[in-house]
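Undergrad: Sending over final_4.pdb (PDB, C-alpha atoms and all ligand atoms).
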ATOM      1  CA  MET A  82    -168.553  38.509 -49.424
ATOM      2  CA  ALA A  83    -171.413  38.162 -51.890
ATOM      3  CA  ASP A  84    -171.863  40.801 -54.556
ATOM      4  CA  SER A  85    -175.271  41.663 -53.175
ATOM      5  CA  ALA A  86    -173.610  42.730 -49.912
ATOM      6  CA  ILE A  87    -171.623  45.537 -51.564
ATOM      7  CA  GLU A  88    -172.771  48.846 -50.182
ATOM      8  CA  PRO A  89    -173.299  51.616 -52.720
ATOM      9  CA  ASN A  90    -170.922  53.824 -50.733
ATOM     10  CA  ALA A  91    -168.200  51.195 -50.270
ATOM     11  CA  CYS A  92    -164.583  51.784 -51.301
ATOM     12  CA  ARG A  93    -164.073  52.438 -54.985
ATOM     13  CA  TRP A  94    -161.101  50.084 -55.138
ATOM     14  CA  CYS A  95    -161.961  47.049 -53.025
ATOM     15  CA  HIS A  96    -165.688  47.405 -52.216
ATOM     16  CA  ALA A  97    -165.150  47.241 -48.445
ATOM     17  CA  PRO A  98    -167.435  49.465 -46.345
ATOM     18  CA  GLN A  99    -165.710  52.506 -44.851
ATOM     19  CA  ARG A 100    -166.281  51.430 -41.218
ATOM     20  CA  GLU A 101    -164.273  48.221 -41.678
ATOM     21  CA  HIS A 102    -161.783  49.416 -44.254
ATOM     22  CA  TYR A 103    -158.536  50.583 -42.571
ATOM     23  CA  GLN A 104    -155.681  49.758 -44.947
ATOM     24  CA  ARG A 105    -156.173  47.074 -47.542
ATOM     25  CA  TRP A 106    -154.214  45.589 -50.401
ATOM     26  CA  LYS A 107    -155.958  45.202 -53.703
ATOM     27  CA  ARG A 108    -154.814  45.009 -57.314
ATOM     28  CA  PRO A 109    -154.047  47.216 -59.119
ATOM     29  CA  VAL A 110    -153.837  49.954 -56.484
ATOM     30  CA  GLY A 111    -151.964  48.000 -53.765
ATOM     31  CA  TRP A 112    -152.110  49.391 -50.221
ATOM     32  CA  HIS A 113    -154.673  52.119 -49.970
ATOM     33  CA  ARG A 114    -157.060  53.877 -47.649
ATOM     34  CA  PHE A 115    -160.791  54.156 -48.112
ATOM     35  CA  ALA A 116    -161.710  56.108 -51.231
ATOM     36  CA  HIS A 117    -165.205  57.296 -51.989
ATOM     37  CA  PRO A 118    -166.721  55.687 -55.072
ATOM     38  CA  THR A 119    -167.591  57.692 -58.144
ATOM     39  CA  ASP A 120    -171.229  58.545 -58.788
ATOM     40  CA  ALA A 121    -171.197  56.038 -61.632
ATOM     41  CA  GLN A 122    -169.983  53.303 -59.276
ATOM     42  CA  ARG A 123    -172.725  54.110 -56.777
ATOM     43  CA  LEU A 124    -175.336  53.888 -59.509
ATOM     44  CA  THR A 125    -173.966  50.604 -60.833
ATOM     45  CA  ARG A 126    -173.977  49.083 -57.335
ATOM     46  CA  MET A 127    -177.506  50.258 -56.583
ATOM     47  CA  ARG A 128    -178.697  48.802 -59.886
ATOM     48  CA  ALA A 129    -176.936  45.516 -59.154
ATOM     49  CA  ARG A 130    -178.587  45.294 -55.743
ATOM     50  CA  ARG A 131    -182.001  46.030 -57.212
ATOM     51  CA  THR A 132    -181.537  43.363 -59.880
ATOM     52  CA  LYS A 133    -180.519  40.808 -57.257
ATOM     53  CA  LYS A 134    -183.620  41.576 -55.193
ATOM     54  CA  GLU A 135    -185.889  41.180 -58.191
ATOM     55  CA  GLU A 136    -184.262  37.880 -59.083
ATOM     56  CA  ALA A 137    -184.810  36.665 -55.535
ATOM     57  CA  LYS A 138    -188.475  37.602 -55.707
ATOM     58  CA  ARG A 139    -188.926  35.642 -58.911
ATOM     59  CA  GLY A 140    -187.244  32.677 -57.254
TER      60      GLY A 140
HETATM   61 ZN    ZN B 201    -160.523  49.888 -50.444
END
Before we go any further, please render this structure as structure tokens.
TA:
Amino acid sequence: MADSAIEPNACRWCHAPQREHYQRWKRPVGWHRFAHPTDAQRLTRMRARRTKKEEAKRG
């Protein structure tokens, strides 16, 4: 999955969207269920998506 596809509200550990999460294994947390991201994570992801869009526009 490309970084630009990460949803701002995706799992705080593995970046999978809640609707397709179920149980996943990911370092360093191991098996886990969906966990809501922190506000800081949401902001970082939204900024990353915006940056990607602007880069695409510039070509
Ligand atoms: Zn996860």
Undergrad: Could you list as a list in words every residue that has an atom within 8 Å of (-168.0, 50.2, -51.2), using the file's coordinates and counting only C-alpha atoms?
TA: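 Final list of nearby residues, as requested, is Ile87, Glu88, Pro89, Asn90, Ala91, Cys92, Arg93, Trp94, Cys95, His96, Ala97, Pro98, Gln99, His117 and Pro118 of chain A.
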Undergrad: What is the distance between CA of Ala86 in chain A and atom ZN of ligand ZN 201 (chain B), in Å to one decimal?
TA: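 Atom ZN of ligand ZN 201 (chain B) lies at a distance of 14.9 Å from CA of Ala86 in chain A.
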Undergrad: In terms of the shortest atom-to-atom distance over only C-alpha atoms and all ligand atoms, which of A:Arg139, A:Arg100, A:His113, A:Arg130 is closest to ligand ZN 201 (chain B)?
TA: A:His113
Undergrad: Quick check, in Å to one decimal: how far apart do CA of His102 in chain A and CA of Arg123 in chain A lie?
TA: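 If I compute the distance from CA of His102 in chain A to CA of Arg123 in chain A, I get 17.3 Å.
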Undergrad: Do you have the CA of Ala121 in chain A-CA of Gly140 in chain A distance handy?
TA: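 Taking CA of Ala121 in chain A and CA of Gly140 in chain A, their separation equals 28.7 Å.
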Undergrad: So what does the PyMOL selection byres (((chain A and resi 114) around 8) and not hetatm) actually pick up in this one, as a PyMOL selection string?
TA: chain A and resi 102-105+112-113+115-116
Undergrad: Any chance you could work out the axis-aligned box around range 120-127 of chain A, listed atoms only, 4 Å on each side, giving centre and edge lengths in Å to one decimal, as lines of an AutoDock Vina configuration file?
TA:
center_x = -173.7
center_y = 53.8
center_z = -59.1
size_x = 15.5
size_y = 17.5
size_z = 13.0
